[in-house]
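Colleague: Sharing target-v8.cif, mmCIF, N, CA and C atoms:
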```cif
data_model
loop_
_atom_site.label_atom_id
_atom_site.label_comp_id
_atom_site.auth_asym_id
_atom_site.auth_seq_id
_atom_site.Cartn_x
_atom_site.Cartn_y
_atom_site.Cartn_z
N MET A 1 0.85 -1.17 0.00
CA MET A 1 0.00 0.00 0.00
C MET A 1 0.90 1.24 0.00
N THR A 2 0.70 2.10 -0.96
CA THR A 2 1.55 3.27 -1.08
C THR A 2 1.02 4.48 -0.31
N ASP A 3 -0.28 4.53 -0.05
CA ASP A 3 -0.85 5.68 0.66
C ASP A 3 -1.85 5.22 1.70
N PRO A 4 -1.40 4.90 2.91
CA PRO A 4 -2.30 4.39 3.95
C PRO A 4 -3.35 5.40 4.41
N ILE A 5 -3.05 6.70 4.35
CA ILE A 5 -4.04 7.70 4.77
C ILE A 5 -5.19 7.75 3.78
N ALA A 6 -4.89 7.69 2.49
CA ALA A 6 -5.94 7.66 1.47
C ALA A 6 -6.78 6.40 1.62
N ASP A 7 -6.14 5.27 1.96
CA ASP A 7 -6.87 4.03 2.19
C ASP A 7 -7.82 4.18 3.38
N MET A 8 -7.36 4.82 4.44
CA MET A 8 -8.21 5.03 5.62
C MET A 8 -9.43 5.88 5.28
N LEU A 9 -9.20 6.98 4.56
CA LEU A 9 -10.30 7.87 4.20
C LEU A 9 -11.30 7.17 3.28
N THR A 10 -10.80 6.34 2.36
CA THR A 10 -11.67 5.60 1.46
C THR A 10 -12.49 4.57 2.23
N ARG A 11 -11.87 3.89 3.18
CA ARG A 11 -12.62 2.92 4.00
C ARG A 11 -13.73 3.61 4.79
N LEU A 12 -13.43 4.77 5.37
CA LEU A 12 -14.44 5.50 6.12
C LEU A 12 -15.57 6.00 5.22
N ARG A 13 -15.22 6.52 4.05
CA ARG A 13 -16.22 7.02 3.10
C ARG A 13 -17.12 5.88 2.61
N ASN A 14 -16.52 4.74 2.26
CA ASN A 14 -17.31 3.60 1.78
C ASN A 14 -18.21 3.04 2.87
N ALA A 15 -17.70 2.96 4.10
CA ALA A 15 -18.51 2.45 5.20
C ALA A 15 -19.67 3.38 5.52
N ALA A 16 -19.44 4.68 5.42
CA ALA A 16 -20.52 5.64 5.67
C ALA A 16 -21.60 5.53 4.61
N MET A 17 -21.20 5.36 3.34
CA MET A 17 -22.19 5.23 2.27
C MET A 17 -22.97 3.92 2.39
N ALA A 18 -22.32 2.86 2.91
CA ALA A 18 -22.98 1.56 3.07
C ALA A 18 -23.69 1.45 4.42
N ARG A 19 -23.66 2.51 5.22
CA ARG A 19 -24.33 2.58 6.53
C ARG A 19 -23.81 1.53 7.53
N HIS A 20 -22.51 1.25 7.47
CA HIS A 20 -21.90 0.35 8.45
C HIS A 20 -21.71 1.10 9.76
N THR A 21 -21.64 0.36 10.85
CA THR A 21 -21.45 1.00 12.15
C THR A 21 -19.98 1.11 12.52
N THR A 22 -19.17 0.10 12.15
CA THR A 22 -17.75 0.14 12.47
C THR A 22 -16.91 -0.18 11.24
N VAL A 23 -15.68 0.29 11.27
CA VAL A 23 -14.72 0.05 10.20
C VAL A 23 -13.43 -0.42 10.86
N ARG A 24 -12.84 -1.49 10.34
CA ARG A 24 -11.56 -1.98 10.85
C ARG A 24 -10.49 -1.77 9.79
N MET A 25 -9.34 -1.23 10.23
CA MET A 25 -8.23 -0.98 9.30
C MET A 25 -6.92 -1.24 10.03
N PRO A 26 -5.85 -1.50 9.28
CA PRO A 26 -4.54 -1.67 9.92
C PRO A 26 -4.14 -0.41 10.69
N HIS A 27 -3.47 -0.62 11.82
CA HIS A 27 -3.10 0.49 12.71
C HIS A 27 -1.78 1.12 12.30
N SER A 28 -1.71 2.43 12.44
CA SER A 28 -0.46 3.17 12.43
C SER A 28 -0.66 4.38 13.34
N SER A 29 0.42 4.96 13.79
CA SER A 29 0.29 6.08 14.73
C SER A 29 -0.35 7.30 14.06
N VAL A 30 -0.06 7.54 12.78
CA VAL A 30 -0.66 8.68 12.08
C VAL A 30 -2.15 8.45 11.91
N LYS A 31 -2.56 7.23 11.55
CA LYS A 31 -3.99 6.95 11.40
C LYS A 31 -4.71 7.02 12.74
N GLU A 32 -4.04 6.62 13.81
CA GLU A 32 -4.64 6.72 15.14
C GLU A 32 -4.87 8.17 15.52
N ARG A 33 -3.90 9.03 15.26
CA ARG A 33 -4.04 10.46 15.56
C ARG A 33 -5.11 11.10 14.67
N LEU A 34 -5.16 10.69 13.41
CA LEU A 34 -6.19 11.18 12.49
C LEU A 34 -7.58 10.78 12.99
N ALA A 35 -7.72 9.55 13.44
CA ALA A 35 -9.00 9.08 13.98
C ALA A 35 -9.37 9.84 15.25
N THR A 36 -8.39 10.15 16.09
CA THR A 36 -8.65 10.92 17.30
C THR A 36 -9.16 12.31 16.95
N ILE A 37 -8.59 12.91 15.93
CA ILE A 37 -9.06 14.23 15.49
C ILE A 37 -10.49 14.13 14.97
N LEU A 38 -10.80 13.07 14.22
CA LEU A 38 -12.17 12.89 13.71
C LEU A 38 -13.16 12.71 14.86
N VAL A 39 -12.75 12.05 15.93
CA VAL A 39 -13.62 11.91 17.11
C VAL A 39 -13.81 13.26 17.78
N ASP A 40 -12.71 14.00 17.97
CA ASP A 40 -12.79 15.32 18.62
C ASP A 40 -13.65 16.31 17.83
N GLU A 41 -13.59 16.23 16.51
CA GLU A 41 -14.36 17.14 15.66
C GLU A 41 -15.80 16.68 15.46
N GLY A 42 -16.14 15.46 15.90
CA GLY A 42 -17.52 14.98 15.84
C GLY A 42 -17.89 14.24 14.57
N TYR A 43 -16.92 13.87 13.74
CA TYR A 43 -17.23 13.15 12.51
C TYR A 43 -17.48 11.67 12.74
N VAL A 44 -16.81 11.08 13.73
CA VAL A 44 -17.00 9.68 14.08
C VAL A 44 -17.25 9.58 15.57
N ALA A 45 -17.86 8.47 16.00
CA ALA A 45 -18.21 8.32 17.40
C ALA A 45 -17.02 7.94 18.26
N SER A 46 -16.22 6.96 17.82
CA SER A 46 -15.08 6.54 18.63
C SER A 46 -14.04 5.86 17.76
N ALA A 47 -12.84 5.78 18.29
CA ALA A 47 -11.73 5.09 17.63
C ALA A 47 -11.00 4.30 18.70
N GLU A 48 -10.71 3.03 18.40
CA GLU A 48 -10.13 2.15 19.40
C GLU A 48 -9.04 1.30 18.75
N VAL A 49 -7.94 1.13 19.45
CA VAL A 49 -6.85 0.28 18.99
C VAL A 49 -7.08 -1.13 19.53
N VAL A 50 -7.07 -2.13 18.65
CA VAL A 50 -7.34 -3.51 19.03
C VAL A 50 -6.14 -4.36 18.63
N ASP A 51 -5.62 -5.12 19.59
CA ASP A 51 -4.50 -6.03 19.33
C ASP A 51 -5.04 -7.45 19.45
N ASP A 52 -5.07 -8.19 18.33
CA ASP A 52 -5.61 -9.55 18.36
C ASP A 52 -4.52 -10.61 18.53
N GLY A 53 -3.31 -10.19 18.85
CA GLY A 53 -2.22 -11.12 19.05
C GLY A 53 -1.31 -11.25 17.84
N GLN A 54 -1.87 -11.14 16.66
CA GLN A 54 -1.07 -11.23 15.44
C GLN A 54 -0.85 -9.86 14.80
N ARG A 55 -1.91 -9.05 14.78
CA ARG A 55 -1.84 -7.72 14.18
C ARG A 55 -2.51 -6.71 15.09
N VAL A 56 -2.20 -5.46 14.85
CA VAL A 56 -2.84 -4.37 15.58
C VAL A 56 -3.77 -3.67 14.60
N TRP A 57 -5.02 -3.47 15.04
CA TRP A 57 -6.05 -2.88 14.19
C TRP A 57 -6.55 -1.58 14.81
N LEU A 58 -7.13 -0.76 13.98
CA LEU A 58 -7.81 0.45 14.42
C LEU A 58 -9.28 0.30 14.07
N ASP A 59 -10.15 0.24 15.09
CA ASP A 59 -11.59 0.14 14.88
C ASP A 59 -12.21 1.52 15.07
N VAL A 60 -12.89 1.99 14.04
CA VAL A 60 -13.54 3.30 14.08
C VAL A 60 -15.05 3.08 14.02
N THR A 61 -15.77 3.65 14.98
CA THR A 61 -17.23 3.57 15.02
C THR A 61 -17.79 4.84 14.41
N LEU A 62 -18.59 4.68 13.37
CA LEU A 62 -19.14 5.84 12.67
C LEU A 62 -20.30 6.45 13.45
N ARG A 63 -20.55 7.71 13.19
CA ARG A 63 -21.62 8.44 13.87
C ARG A 63 -22.66 8.85 12.85
N TYR A 64 -23.93 8.67 13.20
CA TYR A 64 -25.03 9.01 12.31
C TYR A 64 -25.99 9.95 13.02
N LEU A 65 -26.61 10.83 12.24
CA LEU A 65 -27.62 11.74 12.75
C LEU A 65 -28.82 11.64 11.82
N ASP A 66 -29.93 11.12 12.32
CA ASP A 66 -31.13 10.89 11.52
C ASP A 66 -30.80 10.04 10.29
N SER A 67 -30.07 8.96 10.51
CA SER A 67 -29.64 7.98 9.49
C SER A 67 -28.72 8.59 8.42
N ARG A 68 -28.23 9.79 8.63
CA ARG A 68 -27.25 10.40 7.71
C ARG A 68 -25.89 10.39 8.40
N PRO A 69 -24.85 9.94 7.69
CA PRO A 69 -23.53 9.88 8.33
C PRO A 69 -22.96 11.27 8.58
N MET A 70 -22.33 11.44 9.73
CA MET A 70 -21.67 12.71 10.05
C MET A 70 -20.39 12.85 9.21
N PHE A 71 -19.78 11.73 8.85
CA PHE A 71 -18.61 11.73 7.97
C PHE A 71 -19.12 11.70 6.54
N ALA A 72 -19.33 12.87 5.96
CA ALA A 72 -19.92 12.95 4.63
C ALA A 72 -18.89 12.73 3.53
N GLY A 73 -17.68 13.18 3.74
CA GLY A 73 -16.67 13.02 2.71
C GLY A 73 -15.31 13.48 3.17
N ALA A 74 -14.32 13.13 2.37
CA ALA A 74 -12.95 13.54 2.66
C ALA A 74 -12.17 13.57 1.36
N LYS A 75 -11.16 14.42 1.34
CA LYS A 75 -10.31 14.52 0.15
C LYS A 75 -8.86 14.50 0.60
N ARG A 76 -8.09 13.62 0.03
CA ARG A 76 -6.66 13.55 0.31
C ARG A 76 -5.99 14.68 -0.48
N VAL A 77 -5.27 15.55 0.19
CA VAL A 77 -4.66 16.70 -0.48
C VAL A 77 -3.21 16.38 -0.83
N SER A 78 -2.38 16.21 0.17
CA SER A 78 -0.99 15.86 -0.06
C SER A 78 -0.91 14.35 -0.23
N ARG A 79 -0.17 13.92 -1.23
CA ARG A 79 -0.08 12.49 -1.50
C ARG A 79 1.37 12.13 -1.75
N PRO A 80 1.70 10.85 -1.81
CA PRO A 80 3.11 10.48 -1.97
C PRO A 80 3.76 11.06 -3.23
N GLY A 81 3.02 11.23 -4.31
CA GLY A 81 3.60 11.76 -5.54
C GLY A 81 3.64 13.27 -5.60
N LEU A 82 2.90 13.95 -4.73
CA LEU A 82 2.85 15.41 -4.75
C LEU A 82 2.54 15.91 -3.34
N ARG A 83 3.56 16.29 -2.64
CA ARG A 83 3.38 16.80 -1.28
C ARG A 83 2.95 18.26 -1.33
N ILE A 84 1.97 18.62 -0.50
CA ILE A 84 1.45 19.98 -0.44
C ILE A 84 1.71 20.54 0.95
N TYR A 85 2.45 21.62 1.02
CA TYR A 85 2.77 22.26 2.29
C TYR A 85 2.15 23.65 2.33
N THR A 86 1.91 24.14 3.54
CA THR A 86 1.31 25.47 3.69
C THR A 86 1.93 26.18 4.88
N ARG A 87 1.91 27.49 4.81
CA ARG A 87 2.36 28.31 5.94
C ARG A 87 1.20 28.49 6.90
N ALA A 88 1.51 28.94 8.09
CA ALA A 88 0.49 29.08 9.13
C ALA A 88 -0.60 30.07 8.73
N ARG A 89 -0.24 31.16 8.10
CA ARG A 89 -1.25 32.17 7.74
C ARG A 89 -1.96 31.85 6.43
N GLU A 90 -1.56 30.76 5.76
CA GLU A 90 -2.19 30.38 4.49
C GLU A 90 -2.92 29.05 4.58
N ILE A 91 -3.26 28.60 5.78
CA ILE A 91 -3.96 27.32 5.96
C ILE A 91 -5.34 27.44 5.31
N PRO A 92 -5.68 26.52 4.41
CA PRO A 92 -6.95 26.63 3.69
C PRO A 92 -8.16 26.37 4.59
N ARG A 93 -9.26 27.04 4.27
CA ARG A 93 -10.54 26.79 4.94
C ARG A 93 -11.32 25.82 4.08
N VAL A 94 -11.97 24.87 4.71
CA VAL A 94 -12.70 23.83 3.99
C VAL A 94 -14.19 24.17 4.01
N MET A 95 -14.76 24.31 2.83
CA MET A 95 -16.18 24.61 2.67
C MET A 95 -16.59 25.83 3.49
N GLY A 96 -15.79 26.87 3.45
CA GLY A 96 -16.12 28.10 4.16
C GLY A 96 -16.10 27.97 5.67
N GLY A 97 -15.36 27.00 6.19
CA GLY A 97 -15.28 26.81 7.64
C GLY A 97 -16.14 25.68 8.16
N ILE A 98 -16.95 25.07 7.31
CA ILE A 98 -17.81 23.96 7.75
C ILE A 98 -16.98 22.69 7.94
N GLY A 99 -16.03 22.46 7.04
CA GLY A 99 -15.19 21.28 7.11
C GLY A 99 -13.93 21.54 7.92
N THR A 100 -13.04 20.54 7.91
CA THR A 100 -11.82 20.61 8.70
C THR A 100 -10.63 20.24 7.84
N ALA A 101 -9.59 21.05 7.90
CA ALA A 101 -8.31 20.72 7.27
C ALA A 101 -7.45 20.04 8.33
N ILE A 102 -6.77 18.96 7.96
CA ILE A 102 -5.91 18.25 8.88
C ILE A 102 -4.48 18.34 8.36
N LEU A 103 -3.57 18.80 9.23
CA LEU A 103 -2.18 19.04 8.86
C LEU A 103 -1.24 18.18 9.69
N SER A 104 -0.11 17.89 9.10
CA SER A 104 0.98 17.26 9.83
C SER A 104 2.03 18.34 10.05
N THR A 105 2.23 18.73 11.29
CA THR A 105 3.15 19.81 11.62
C THR A 105 4.35 19.26 12.40
N SER A 106 5.25 20.14 12.77
CA SER A 106 6.39 19.73 13.58
C SER A 106 5.96 19.33 14.99
N GLN A 107 4.76 19.74 15.40
CA GLN A 107 4.23 19.39 16.71
C GLN A 107 3.28 18.20 16.65
N GLY A 108 3.14 17.58 15.50
CA GLY A 108 2.27 16.41 15.34
C GLY A 108 1.11 16.71 14.40
N VAL A 109 0.23 15.73 14.25
CA VAL A 109 -0.94 15.87 13.39
C VAL A 109 -2.02 16.64 14.15
N MET A 110 -2.57 17.68 13.50
CA MET A 110 -3.59 18.50 14.16
C MET A 110 -4.48 19.16 13.12
N THR A 111 -5.57 19.76 13.59
CA THR A 111 -6.47 20.45 12.68
C THR A 111 -5.84 21.77 12.22
N GLY A 112 -6.39 22.32 11.14
CA GLY A 112 -5.90 23.59 10.63
C GLY A 112 -6.09 24.72 11.61
N GLN A 113 -7.19 24.70 12.36
CA GLN A 113 -7.43 25.74 13.36
C GLN A 113 -6.40 25.71 14.47
N ASP A 114 -6.08 24.49 14.95
CA ASP A 114 -5.07 24.37 16.00
C ASP A 114 -3.70 24.81 15.50
N ALA A 115 -3.37 24.44 14.26
CA ALA A 115 -2.09 24.83 13.69
C ALA A 115 -2.01 26.35 13.52
N ALA A 116 -3.09 26.97 13.10
CA ALA A 116 -3.10 28.43 12.94
C ALA A 116 -2.98 29.12 14.30
N ARG A 117 -3.64 28.56 15.29
CA ARG A 117 -3.56 29.13 16.64
C ARG A 117 -2.13 29.05 17.18
N LEU A 118 -1.43 27.96 16.90
CA LEU A 118 -0.05 27.79 17.35
C LEU A 118 0.97 28.40 16.38
N ARG A 119 0.47 28.98 15.29
CA ARG A 119 1.30 29.59 14.24
C ARG A 119 2.28 28.57 13.64
N LEU A 120 1.71 27.40 13.28
CA LEU A 120 2.51 26.33 12.68
C LEU A 120 2.00 26.04 11.28
N GLY A 121 2.89 25.87 10.36
CA GLY A 121 2.55 25.40 9.04
C GLY A 121 2.88 23.93 8.95
N GLY A 122 2.68 23.34 7.80
CA GLY A 122 3.01 21.93 7.65
C GLY A 122 2.39 21.34 6.40
N GLU A 123 2.39 20.02 6.35
CA GLU A 123 1.85 19.29 5.22
C GLU A 123 0.34 19.15 5.37
N VAL A 124 -0.40 19.52 4.36
CA VAL A 124 -1.86 19.41 4.39
C VAL A 124 -2.21 17.96 4.04
N LEU A 125 -2.62 17.18 5.03
CA LEU A 125 -2.92 15.78 4.80
C LEU A 125 -4.23 15.59 4.07
N CYS A 126 -5.32 16.20 4.60
CA CYS A 126 -6.62 15.97 3.98
C CYS A 126 -7.61 17.03 4.42
N PHE A 127 -8.74 17.06 3.70
CA PHE A 127 -9.89 17.87 4.07
C PHE A 127 -11.01 16.91 4.42
N VAL A 128 -11.76 17.20 5.48
CA VAL A 128 -12.89 16.37 5.91
C VAL A 128 -14.11 17.27 6.05
N TRP A 129 -15.26 16.79 5.62
CA TRP A 129 -16.50 17.53 5.80
C TRP A 129 -17.63 16.59 6.10
#
```
Before we go any further, please render this structure as structure tokens.
Modeller:
Amino acid sequence: MTDPIADMLTRLRNAAMARHTTVRMPHSSVKERLATILVDEGYVASAEVVDDGQRVWLDVTLRYLDSRPMFAGAKRVSRPGLRIYTRAREIPRVMGGIGTAILSTSQGVMTGQDAARLRLGGEVLCFVW
């Protein structure tokens, strides 16, 4: 797999469209932090690391409101073939502030708002709405 973050976003998008309650994916620390941000922002209900003895998995429980998924969509911005970086004062707004930009900064993975507040730029990982 060349782009695990894109795979994670695709799994979440497909599960939301199919009205699944949980999604299981291979674990990594970046995906765990990304899932934590999605929980904090209210896009998913919970994220849990599961170790079955052979592999470590990340289980994400989706959140629905009136049978509509809160995780409506996501777009991978920076990818392995084309990295996209931004300065702190140029962090993009997603859908006029409705969505969330997620960045990888020198202080770790965080939302665009947190990065702007800390005056940190970094790699724009994805947009979520």
Colleague: Identify the residues around (0.4, 20.8, 6.3) within a radius of 5 Å, measuring from only N, CA and C atoms in the coordinates stated by the file, and give them as a list of chain:residue names.
Modeller: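 Nearby residues: A:Tyr85, A:Thr86, A:Leu103, A:Ser104, A:Gly121, A:Gly122, A:Glu123, A:Val124, A:Leu125.
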Colleague: Given the file above and the PyMOL selection byres ((chain A and resi 62) around 6), which residues are selected, and can you give them as a PyMOL selection string?
Modeller: chain A and resi 20-23+43-46+60-61+63-64
Colleague: Take atom N of A:Leu9 and atom CA of A:Ala101 and report the distance between them in Å, one decimal.
Modeller: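 It comes out at 14.0 Å.
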Colleague: Using only N, CA and C atoms, pick whichever of A:Ile37, A:Met70, A:Val56, A:Leu65 has the shortest atom-to-atom distance to A:Thr111.
Modeller: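 Closest to A:Thr111, using only N, CA and C atoms: A:Ile37.
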Colleague: Please evaluate the PyMOL selection byres ((chain A and resi 75) around 6) against the displayed coordinates and give the resulting residues as an mmCIF file with N, CA and C atoms, in the coordinates of the input.
Modeller:
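Now in result.cif:
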```
data_model
loop_
_atom_site.group_PDB
_atom_site.id
_atom_site.type_symbol
_atom_site.label_atom_id
_atom_site.label_comp_id
_atom_site.auth_asym_id
_atom_site.auth_seq_id
_atom_site.Cartn_x
_atom_site.Cartn_y
_atom_site.Cartn_z
ATOM 1 N N GLY A 73 -17.680 13.180 3.740
ATOM 2 C CA GLY A 73 -16.670 13.020 2.710
ATOM 3 C C GLY A 73 -15.310 13.480 3.170
ATOM 4 N N ALA A 74 -14.320 13.130 2.370
ATOM 5 C CA ALA A 74 -12.950 13.540 2.660
ATOM 6 C C ALA A 74 -12.170 13.570 1.360
ATOM 7 N N ARG A 76 -8.090 13.620 0.030
ATOM 8 C CA ARG A 76 -6.660 13.550 0.310
ATOM 9 C C ARG A 76 -5.990 14.680 -0.480
ATOM 10 N N VAL A 77 -5.270 15.550 0.190
ATOM 11 C CA VAL A 77 -4.660 16.700 -0.480
ATOM 12 C C VAL A 77 -3.210 16.380 -0.830
ATOM 13 N N LEU A 125 -2.620 17.180 5.030
ATOM 14 C CA LEU A 125 -2.920 15.780 4.800
ATOM 15 C C LEU A 125 -4.230 15.590 4.070
ATOM 16 N N CYS A 126 -5.320 16.200 4.600
ATOM 17 C CA CYS A 126 -6.620 15.970 3.980
ATOM 18 C C CYS A 126 -7.610 17.030 4.420
ATOM 19 N N PHE A 127 -8.740 17.060 3.700
ATOM 20 C CA PHE A 127 -9.890 17.870 4.070
ATOM 21 C C PHE A 127 -11.010 16.910 4.420
ATOM 22 N N VAL A 128 -11.760 17.200 5.480
ATOM 23 C CA VAL A 128 -12.890 16.370 5.910
ATOM 24 C C VAL A 128 -14.110 17.270 6.050
#
```
Colleague: Please report the interatomic distance between atom N of A:Arg119 and atom C of A:Ala88 in Å with one decimal.
Modeller: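 Computed distance, atom N of A:Arg119 to atom C of A:Ala88, equals 6.7 Å.
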Colleague: For A:Ile91, which residue among A:Leu120, A:Met25, A:Leu58, A:Val39 is the nearest when counting only C-alpha atoms?
Modeller: A:Leu120
Colleague: So that I can see what lies close to A:Thr2, please list as a ChimeraX atom specification the residues with an atom at most 8 Å from it, counting all atoms listed in the file and leaving out residues fewer than 5 positions away in the same chain.
Modeller: /A:7,79-80
Colleague: Per DSSP on the backbone, what are the helix (DSSP H, G or I) residues of stretch 1-70 of chain A, as a VMD selection string?
Modeller: chain A and resid 4 to 17 29 to 41
Colleague: Enter the distance from atom CA of A:Glu41 to atom CA of A:Arg83, in Å, rounded to one decimal.
Modeller: 24.5 Å
Colleague: Quick one: everything within 8 Å of A:Glu32, counting all atoms listed in the file, minus sequence neighbours fewer than 3 positions away in the same chain. Send it as number ranges by chain.
Modeller: A: 26-29, 35-38, 47-49, 58
Colleague: Output N, CA and C atoms for every residue in the selection just made, as an mmCIF file, in the coordinates of the input.
Modeller:
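The resulting result28.cif:
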```
data_model
loop_
_atom_site.group_PDB
_atom_site.id
_atom_site.type_symbol
_atom_site.label_atom_id
_atom_site.label_comp_id
_atom_site.auth_asym_id
_atom_site.auth_seq_id
_atom_site.Cartn_x
_atom_site.Cartn_y
_atom_site.Cartn_z
ATOM 1 N N PRO A 26 -5.850 -1.500 9.280
ATOM 2 C CA PRO A 26 -4.540 -1.670 9.920
ATOM 3 C C PRO A 26 -4.140 -0.410 10.690
ATOM 4 N N HIS A 27 -3.470 -0.620 11.820
ATOM 5 C CA HIS A 27 -3.100 0.490 12.710
ATOM 6 C C HIS A 27 -1.780 1.120 12.300
ATOM 7 N N SER A 28 -1.710 2.430 12.440
ATOM 8 C CA SER A 28 -0.460 3.170 12.430
ATOM 9 C C SER A 28 -0.660 4.380 13.340
ATOM 10 N N SER A 29 0.420 4.960 13.790
ATOM 11 C CA SER A 29 0.290 6.080 14.730
ATOM 12 C C SER A 29 -0.350 7.300 14.060
ATOM 13 N N ALA A 35 -7.720 9.550 13.440
ATOM 14 C CA ALA A 35 -9.000 9.080 13.980
ATOM 15 C C ALA A 35 -9.370 9.840 15.250
ATOM 16 N N THR A 36 -8.390 10.150 16.090
ATOM 17 C CA THR A 36 -8.650 10.920 17.300
ATOM 18 C C THR A 36 -9.160 12.310 16.950
ATOM 19 N N ILE A 37 -8.590 12.910 15.930
ATOM 20 C CA ILE A 37 -9.060 14.230 15.490
ATOM 21 C C ILE A 37 -10.490 14.130 14.970
ATOM 22 N N LEU A 38 -10.800 13.070 14.220
ATOM 23 C CA LEU A 38 -12.170 12.890 13.710
ATOM 24 C C LEU A 38 -13.160 12.710 14.860
ATOM 25 N N ALA A 47 -12.840 5.780 18.290
ATOM 26 C CA ALA A 47 -11.730 5.090 17.630
ATOM 27 C C ALA A 47 -11.000 4.300 18.700
ATOM 28 N N GLU A 48 -10.710 3.030 18.400
ATOM 29 C CA GLU A 48 -10.130 2.150 19.400
ATOM 30 C C GLU A 48 -9.040 1.300 18.750
ATOM 31 N N VAL A 49 -7.940 1.130 19.450
ATOM 32 C CA VAL A 49 -6.850 0.280 18.990
ATOM 33 C C VAL A 49 -7.080 -1.130 19.530
ATOM 34 N N LEU A 58 -7.130 -0.760 13.980
ATOM 35 C CA LEU A 58 -7.810 0.450 14.420
ATOM 36 C C LEU A 58 -9.280 0.300 14.070
#
```
Colleague: Could you please fill out stretch 24-30 of chain A with all heavy atoms and send it back as a short mmCIF file (atom, residue, chain, number, x, y, z; two decimals), in the frame of the given file?
Modeller:
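Below is the file that was written, result_15.cif:
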```
data_model
loop_
_atom_site.label_atom_id
_atom_site.label_comp_id
_atom_site.auth_asym_id
_atom_site.auth_seq_id
_atom_site.Cartn_x
_atom_site.Cartn_y
_atom_site.Cartn_z
N ARG A 24 -12.84 -1.49 10.34
CA ARG A 24 -11.56 -1.98 10.85
C ARG A 24 -10.49 -1.77 9.79
O ARG A 24 -10.70 -2.07 8.62
CB ARG A 24 -11.65 -3.45 11.21
CG ARG A 24 -10.32 -4.02 11.69
CD ARG A 24 -10.49 -5.37 12.28
NE ARG A 24 -10.87 -5.18 13.67
CZ ARG A 24 -10.87 -6.15 14.57
NH1 ARG A 24 -10.56 -7.37 14.23
NH2 ARG A 24 -11.20 -5.89 15.82
N MET A 25 -9.34 -1.23 10.23
CA MET A 25 -8.23 -0.98 9.30
C MET A 25 -6.92 -1.24 10.03
O MET A 25 -6.88 -1.22 11.26
CB MET A 25 -8.29 0.45 8.79
CG MET A 25 -8.18 1.50 9.85
SD MET A 25 -8.70 3.12 9.32
CE MET A 25 -10.45 2.94 9.24
N PRO A 26 -5.85 -1.50 9.28
CA PRO A 26 -4.54 -1.67 9.92
C PRO A 26 -4.14 -0.41 10.69
O PRO A 26 -4.43 0.70 10.28
CB PRO A 26 -3.60 -1.92 8.75
CG PRO A 26 -4.46 -2.38 7.65
CD PRO A 26 -5.79 -1.72 7.84
N HIS A 27 -3.47 -0.62 11.82
CA HIS A 27 -3.10 0.49 12.71
C HIS A 27 -1.78 1.12 12.30
O HIS A 27 -0.85 0.44 11.85
CB HIS A 27 -2.99 -0.04 14.14
CG HIS A 27 -2.49 0.97 15.11
ND1 HIS A 27 -1.15 1.14 15.39
CD2 HIS A 27 -3.14 1.89 15.85
CE1 HIS A 27 -1.01 2.10 16.27
NE2 HIS A 27 -2.19 2.57 16.56
N SER A 28 -1.71 2.43 12.44
CA SER A 28 -0.46 3.17 12.43
C SER A 28 -0.66 4.38 13.34
O SER A 28 -1.80 4.78 13.61
CB SER A 28 -0.05 3.61 11.02
OG SER A 28 -0.83 4.68 10.60
N SER A 29 0.42 4.96 13.79
CA SER A 29 0.29 6.08 14.73
C SER A 29 -0.35 7.30 14.06
O SER A 29 -1.12 8.03 14.69
CB SER A 29 1.65 6.44 15.32
OG SER A 29 2.55 6.78 14.29
N VAL A 30 -0.06 7.54 12.78
CA VAL A 30 -0.66 8.68 12.08
C VAL A 30 -2.15 8.45 11.91
O VAL A 30 -2.96 9.37 12.13
CB VAL A 30 0.03 8.89 10.72
CG1 VAL A 30 -0.70 9.96 9.92
CG2 VAL A 30 1.47 9.28 10.91
#
```
